[in-house]
Structures are given as structure tokens and as C-alpha cells.
Amino acid sequence: MSSPEHLPRLFIPLDATPGPAEAGTSCTLSPAQARYLGTVMRKKAGDPVRVFNASIGEWLASLGEIRKDRGSLTLTQQLRAPSVQPDLVLAFALLKRDATDMVLRMGTELGVTHFLPVITERTNTHRTNPERLEAIATEAAEQCERLDIPTIAEPCPLASLLGAWPEGARLFTAMERTEDRGVTLNVSLQQARAGDGLLIGPEGGFSDTECRALLARPAIAPISLGPLVLRADTAVAAGLALMGQSLRSAQD
């Protein structure tokens with residue numbers, strides 16, 4: 001048998017594993033998973049795969065019979081126990097389709113647990129395809145070997161995000177040219193703790209009106225991501241890398 005890390009790795013929804021997970025538990029494959037394993041990967045009954053979700057952790061499993069659009073598997077050995085991950089909340093202005101896809105993919109790989117798409121004055125699009133974004137996040141989680149799938153909220157206006165932000169939690173906000181607005185930067189992402197969030201604006205940045213509204217909120221902690229003006233998706237990656245490191249350090 002191949003070493004486990006080289007086996008196909010699939011996310012199994014909670015309802016696919018009724019009852020407690022233990023050796024011998026049967027799970028149902030989705031039609032897409034059955035087609036992938038049977039048609040693309042050429043797997044057959046008895047072949048090993050890895051499956052995971054936040055509730056059961058990660059398991060080695062043996063494939064049952066696979067047909068064109070259905071199949072099953074049986075759990076055989078737990079490889080990793082469930083573990084609690086620190087909440088990492090990313091609020092981001094919706095971008096064009098490819099850039100939004102990149103934010104979902106990179107954010108999942110960098111540990112985001114909650115994606116909060118935001119509509120701003122300079123947002124390029126106001127719509128998302130929830131099924132597409134969920135598929136991107138799931139595929140990224142399978143690839144990067146995390147145990148959970150991040151949640152993805154419906155897009156909401158920036159004002160609604162600010163109004164609903166939980167009391168006591170900070171929202172670190174990447175703001176460009178703060179010196180022109182007389183803003184003092186006295187916090188950094190190294191100070192982030194569980195429950196805090198990161199807000200990244202659209203290409204072109206927040207409008208002056210939005211900046212004033214943001215700075216009037218006590219939860220907002222304006223930050224800089226360096227002296228250069230970054231693309232929005234690059235800013236997401238830079239901010240999450242710093243914030244994720246801080247949250248993991250606080251957890252240890």
C-alpha cells in the first residue's frame with residue numbers, strides 16, 4: 001500500500017458518517033467523488049483513500065464498490081484526531097471572479113475559518129456563486145491537509161459588517177496612505193487574538209467616506225502591510241500570513 005500522504009484525500013460531510021466514527025463505519029461518497037475516484041483516478045473496490053472532516057479527524061478508508069456516480073467506503077484506521085483550530089476571520093471586498101477564487105484558495109490554505117465577503121463603493125461585483133466558492137474552499141482544504149472547511153457568508157454591505165461586528169473583537173483593517181489622513185498606526189497583526197478579524201478593501205482601496213466611517217468605529221484597528229501598494233489578493237495573503245502566525249503563537 002502507498003504511504004498515506006500519497007493517497008487521494010477527500011472531505012466527507014458530517015451527514016455522510018452517521019453515528020460515531022470507528023473502524024468499520026461506512027460512509028457514502030457523493031456522485032462527484034465517485035466519478036473522480038472511479039473515472040479519473042481509476043480506483044477500484046478495496047483501494048485505500050484518506051477521508052476527513054472536523055468531527056472525525058482524518059481516517060484511512062477502504063473503497064467499496066464504485067459505480068458511475070455512486071460509491072461507498074469503510075473507515076479502517078484513524079490517522080489524525082480532531083483538533084481545534086483558532087478562529088481566523090477574513091472580511092474582504094469582493095473582487096473579480098478569478099481574484100475572488102484566489103482569495104478563497106489562499107485563505108483556506110492560510111487557515112481562514114470564516115470568509116465574510118463585503119460590498120464597498122469600489123467593489124467590482126456584487127454577486128457570488130456559493131456552490132463554486134464552497135467547491136474551491138473544499139478542494140483547497142483537501143490539498144493543504146486541514147481538517148475543516150471554512151464557512152463562506154453571503155456578501156453584505158460594509159456598513160452591515162461594521163454594525164454586526166462582535167463587541168470586544170478587533171477588526172484589523174489594511175489602509176493605504178494613512179499618513180495623508182492623519183491616522184496613527186499603533187497596532188500590528190502580531191497583536192491579533194482569537195475572535196479578531198482582518199479586513200481587506202477593494203482594488204483602489206476604500207473611499208474617503210468609507211475610511212472615515214471605519215476610523216469612527218472603536219473595533220477598527222488600522223494597520224499597514226508595508227510601504228508598497230499591494231493588489232487586494234496579495235494584501236490578503238500578506239495579512240493572513242502575519243495574523244495566522246500570531247493566532248497560532250497565542251494558542252501554544
# chains A, B, ... in the order shown; residues from 1 in each chain; ligands from 1

$ select_by_dssp --residues "range 100-134 of chain A" --states "strand (DSSP E or B)" --output "list in words"
His114, Phe115, Leu116, Pro117, Val118 and Ile119 of chain A

$ write_last_selection --atoms "N, CA, C and O atoms" --output "short mmCIF file (atom, residue, chain, number, x, y, z; two decimals), in the first residue's frame"
data_model
loop_
_atom_site.label_atom_id
_atom_site.label_comp_id
_atom_site.auth_asym_id
_atom_site.auth_seq_id
_atom_site.Cartn_x
_atom_site.Cartn_y
_atom_site.Cartn_z
N HIS A 114 -13.55 31.64 8.62
CA HIS A 114 -14.78 32.31 8.22
C HIS A 114 -14.46 33.38 7.17
O HIS A 114 -13.68 34.30 7.45
N PHE A 115 -15.03 33.23 5.99
CA PHE A 115 -14.92 34.24 4.94
C PHE A 115 -16.16 35.13 4.98
O PHE A 115 -17.29 34.63 4.95
N LEU A 116 -15.94 36.45 5.01
CA LEU A 116 -17.04 37.40 5.01
C LEU A 116 -16.89 38.34 3.82
O LEU A 116 -16.23 39.38 3.91
N PRO A 117 -17.47 38.00 2.67
CA PRO A 117 -17.38 38.89 1.51
C PRO A 117 -18.15 40.20 1.77
O PRO A 117 -19.24 40.19 2.34
N VAL A 118 -17.54 41.31 1.36
CA VAL A 118 -18.09 42.63 1.66
C VAL A 118 -18.27 43.42 0.36
O VAL A 118 -17.47 43.32 -0.57
N ILE A 119 -19.33 44.22 0.33
CA ILE A 119 -19.59 45.12 -0.80
C ILE A 119 -19.23 46.54 -0.39
O ILE A 119 -19.75 47.05 0.61
#

$ residues_around --residues "range 47-61 of chain A" --least-positions-apart "3" --cutoff "6 Å" --atoms "only C-alpha atoms" --output "PyMOL selection string"
chain A and resi 7-12+44+74-82+147-148

$ write_last_selection --atoms "all heavy atoms" --output "CSV table (one decimal), in the first residue's frame"
chain,number,residue,atom,x,y,z
A,7,LEU,N,-2.0,9.1,-0.8
A,7,LEU,CA,-3.3,8.7,-1.2
A,7,LEU,C,-4.2,9.8,-1.5
A,7,LEU,O,-4.1,10.9,-0.9
A,7,LEU,CB,-3.9,7.8,0.0
A,7,LEU,CG,-3.1,6.5,0.3
A,7,LEU,CD1,-3.7,5.8,1.5
A,7,LEU,CD2,-3.1,5.6,-0.9
A,8,PRO,N,-5.3,9.6,-2.3
A,8,PRO,CA,-6.3,10.6,-2.5
A,8,PRO,C,-6.9,11.0,-1.2
A,8,PRO,O,-7.1,10.2,-0.3
A,8,PRO,CB,-7.3,9.9,-3.4
A,8,PRO,CG,-6.5,8.9,-4.1
A,8,PRO,CD,-5.5,8.4,-3.1
A,9,ARG,N,-7.2,12.3,-1.0
A,9,ARG,CA,-7.8,12.8,0.2
A,9,ARG,C,-9.1,13.5,-0.1
A,9,ARG,O,-9.1,14.5,-0.8
A,9,ARG,CB,-6.7,13.8,0.9
A,9,ARG,CG,-7.1,14.3,2.3
A,9,ARG,CD,-6.0,15.0,2.9
A,9,ARG,NE,-6.2,15.3,4.3
A,9,ARG,CZ,-6.8,16.5,4.7
A,9,ARG,NH1,-7.2,17.4,3.8
A,9,ARG,NH2,-7.0,16.7,6.0
A,10,LEU,N,-10.2,13.1,0.6
A,10,LEU,CA,-11.5,13.6,0.3
A,10,LEU,C,-12.2,14.1,1.6
A,10,LEU,O,-12.1,13.5,2.6
A,10,LEU,CB,-12.4,12.5,-0.3
A,10,LEU,CG,-11.9,11.9,-1.6
A,10,LEU,CD1,-12.8,10.8,-2.0
A,10,LEU,CD2,-11.8,13.0,-2.7
A,11,PHE,N,-12.9,15.2,1.4
A,11,PHE,CA,-13.7,15.7,2.5
A,11,PHE,C,-15.0,15.0,2.5
A,11,PHE,O,-15.7,14.8,1.5
A,11,PHE,CB,-14.0,17.2,2.3
A,11,PHE,CG,-15.0,17.8,3.3
A,11,PHE,CD1,-14.8,17.9,4.6
A,11,PHE,CD2,-16.3,18.1,2.8
A,11,PHE,CE1,-15.7,18.4,5.5
A,11,PHE,CE2,-17.3,18.6,3.7
A,11,PHE,CZ,-17.0,18.7,5.0
A,12,ILE,N,-15.4,14.5,3.7
A,12,ILE,CA,-16.6,13.8,3.9
A,12,ILE,C,-17.6,14.6,4.8
A,12,ILE,O,-17.2,14.9,5.9
A,12,ILE,CB,-16.4,12.4,4.6
A,12,ILE,CG1,-15.5,11.5,3.7
A,12,ILE,CG2,-17.7,11.7,4.9
A,12,ILE,CD1,-16.1,11.1,2.4
A,44,LYS,N,-10.5,1.2,-7.6
A,44,LYS,CA,-11.5,0.1,-7.6
A,44,LYS,C,-11.7,-0.3,-6.1
A,44,LYS,O,-11.0,0.1,-5.2
A,44,LYS,CB,-10.9,-1.0,-8.4
A,44,LYS,CG,-9.6,-1.6,-8.0
A,44,LYS,CD,-9.1,-2.6,-8.9
A,44,LYS,CE,-7.8,-3.3,-8.5
A,44,LYS,NZ,-6.7,-2.3,-8.4
A,74,THR,N,-15.3,2.4,3.7
A,74,THR,CA,-15.3,1.9,5.1
A,74,THR,C,-14.1,2.5,5.8
A,74,THR,O,-13.0,2.3,5.3
A,74,THR,CB,-15.4,0.4,5.2
A,74,THR,OG1,-16.6,-0.1,4.5
A,74,THR,CG2,-15.5,0.0,6.6
A,75,LEU,N,-14.3,3.1,7.0
A,75,LEU,CA,-13.2,3.6,7.8
A,75,LEU,C,-12.4,2.4,8.3
A,75,LEU,O,-13.0,1.4,8.8
A,75,LEU,CB,-13.7,4.5,8.9
A,75,LEU,CG,-14.6,5.7,8.5
A,75,LEU,CD1,-14.9,6.5,9.8
A,75,LEU,CD2,-13.9,6.6,7.5
A,76,THR,N,-11.1,2.5,8.3
A,76,THR,CA,-10.3,1.4,8.7
A,76,THR,C,-9.3,1.8,9.9
A,76,THR,O,-9.1,1.0,10.8
A,76,THR,CB,-9.4,0.8,7.6
A,76,THR,OG1,-8.6,1.8,7.0
A,76,THR,CG2,-10.4,0.2,6.5
A,77,GLN,N,-8.8,3.0,9.8
A,77,GLN,CA,-7.8,3.4,10.8
A,77,GLN,C,-7.7,5.0,10.9
A,77,GLN,O,-7.6,5.6,9.9
A,77,GLN,CB,-6.4,2.9,10.4
A,77,GLN,CG,-5.3,3.3,11.4
A,77,GLN,CD,-3.9,2.9,10.9
A,77,GLN,OE1,-3.8,2.1,10.0
A,77,GLN,NE2,-2.9,3.4,11.5
A,78,GLN,N,-7.8,5.5,12.1
A,78,GLN,CA,-7.7,6.9,12.3
A,78,GLN,C,-6.2,7.4,12.2
A,78,GLN,O,-5.3,6.8,12.8
A,78,GLN,CB,-8.3,7.4,13.6
A,78,GLN,CG,-8.4,8.9,13.8
A,78,GLN,CD,-9.0,9.3,15.1
A,78,GLN,OE1,-8.6,8.9,16.1
A,78,GLN,NE2,-10.0,10.2,15.0
A,79,LEU,N,-6.0,8.4,11.3
A,79,LEU,CA,-4.7,8.9,11.1
A,79,LEU,C,-4.4,10.1,11.9
A,79,LEU,O,-3.3,10.4,12.4
A,79,LEU,CB,-4.4,9.2,9.6
A,79,LEU,CG,-4.6,8.0,8.7
A,79,LEU,CD1,-4.5,8.5,7.2
A,79,LEU,CD2,-3.5,7.0,8.9
A,80,ARG,N,-5.4,11.0,12.1
A,80,ARG,CA,-5.3,12.2,12.9
A,80,ARG,C,-6.6,12.4,13.7
A,80,ARG,O,-7.7,12.3,13.1
A,80,ARG,CB,-5.1,13.4,12.0
A,80,ARG,CG,-3.7,13.4,11.3
A,80,ARG,CD,-3.7,14.4,10.2
A,80,ARG,NE,-3.9,15.8,10.7
A,80,ARG,CZ,-4.2,16.8,9.8
A,80,ARG,NH1,-4.3,16.6,8.5
A,80,ARG,NH2,-4.4,18.0,10.3
A,81,ALA,N,-6.5,12.8,14.9
A,81,ALA,CA,-7.7,13.0,15.7
A,81,ALA,C,-8.2,14.5,15.4
A,81,ALA,O,-7.4,15.3,14.9
A,81,ALA,CB,-7.3,12.9,17.2
A,82,PRO,N,-9.5,14.7,15.7
A,82,PRO,CA,-10.0,16.1,15.5
A,82,PRO,C,-9.1,17.1,16.4
A,82,PRO,O,-8.7,16.7,17.5
A,82,PRO,CB,-11.4,16.0,16.0
A,82,PRO,CG,-11.8,14.6,15.9
A,82,PRO,CD,-10.5,13.8,16.2
A,147,LEU,N,-8.3,20.0,8.5
A,147,LEU,CA,-9.4,19.0,8.8
A,147,LEU,C,-10.8,19.6,8.6
A,147,LEU,O,-11.7,18.9,8.6
A,147,LEU,CB,-9.2,18.5,10.2
A,147,LEU,CG,-8.0,17.7,10.5
A,147,LEU,CD1,-7.9,17.3,12.0
A,147,LEU,CD2,-8.0,16.4,9.6
A,148,ASP,N,-10.8,21.0,8.6
A,148,ASP,CA,-12.2,21.6,8.5
A,148,ASP,C,-12.3,22.4,7.2
A,148,ASP,O,-11.3,22.7,6.5
A,148,ASP,CB,-12.4,22.6,9.7
A,148,ASP,CG,-11.3,23.7,9.7
A,148,ASP,OD1,-10.1,23.4,9.4
A,148,ASP,OD2,-11.7,24.8,10.0

$ closest_residue --among "A:Asn186, A:Ser249, A:Gln85, A:Ser207" --to "Ile149 in chain A" --atoms "only C-alpha atoms"
A:Gln85

$ residues_around --residues "Met175 in chain A" --least-positions-apart "4" --cutoff "9 Å" --atoms "only C-alpha atoms" --output "ChimeraX atom specification"
/A:200-201,205-206,211,222-225

$ residues_around --residues "Ser160 in chain A" --least-positions-apart "2" --cutoff "12 Å" --atoms "only C-alpha atoms" --output "mmCIF file with C-alpha atoms, in the first residue's frame"
data_model
loop_
_atom_site.group_PDB
_atom_site.id
_atom_site.type_symbol
_atom_site.label_atom_id
_atom_site.label_comp_id
_atom_site.auth_asym_id
_atom_site.auth_seq_id
_atom_site.Cartn_x
_atom_site.Cartn_y
_atom_site.Cartn_z
ATOM 1 C CA ALA A 91 -13.614 40.107 5.617
ATOM 2 C CA LEU A 116 -17.041 37.402 5.015
ATOM 3 C CA PRO A 117 -17.383 38.894 1.506
ATOM 4 C CA VAL A 118 -18.087 42.632 1.658
ATOM 5 C CA ILE A 119 -19.594 45.117 -0.804
ATOM 6 C CA THR A 120 -17.878 48.505 -0.847
ATOM 7 C CA GLU A 154 -23.353 35.815 1.815
ATOM 8 C CA PRO A 155 -21.961 39.166 0.625
ATOM 9 C CA CYS A 156 -23.071 42.126 2.731
ATOM 10 C CA PRO A 157 -22.522 45.906 2.601
ATOM 11 C CA LEU A 158 -19.567 47.260 4.549
ATOM 12 C CA LEU A 162 -19.417 47.017 10.867
ATOM 13 C CA GLY A 163 -22.801 47.137 12.554
ATOM 14 C CA ALA A 164 -22.772 43.400 13.271
ATOM 15 C CA TRP A 165 -19.134 43.144 14.345
ATOM 16 C CA PRO A 166 -18.983 41.499 17.802
ATOM 17 C CA ALA A 213 -16.717 55.500 8.750
ATOM 18 C CA LEU A 214 -14.146 52.834 9.553
#

$ select_by_dssp --residues "range 54-216 of chain A" --states "helix (DSSP H, G or I)" --output "count of residues only"
50

$ atom_distance --atom1 "CA of Arg105 in chain A" --atom2 "CA of Asp69 in chain A"
26.5 Å

$ closest_residue --among "A:Lys43, A:Arg212, A:Arg97, A:Arg170" --to "Leu189 in chain A" --atoms "only C-alpha atoms"
A:Arg170

$ closest_residue --among "A:Gly111, A:Ala23, A:Leu161, A:Ala221" --to "Ala140 in chain A" --atoms "only C-alpha atoms"
A:Gly111

$ closest_residue --among "A:Asp15, A:Asp101, A:Glu109, A:Glu203" --to "Ala135 in chain A" --atoms "only C-alpha atoms"
A:Asp101

$ residues_around --residues "Thr113 in chain A" --least-positions-apart "6" --cutoff "7 Å" --atoms "only C-alpha atoms" --output "list of chain:residue names"
A:Asp87, A:Leu88, A:Val89, A:Pro150, A:Thr151

$ closest_residue --among "A:Ala45, A:Lys68, A:Leu242, A:Glu139" --to "Ser30 in chain A" --atoms "only C-alpha atoms"
A:Lys68

$ closest_residue --among "A:Ala93, A:Ala169, A:Ala141, A:Ala232" --to "His126 in chain A" --atoms "only C-alpha atoms"
A:Ala93
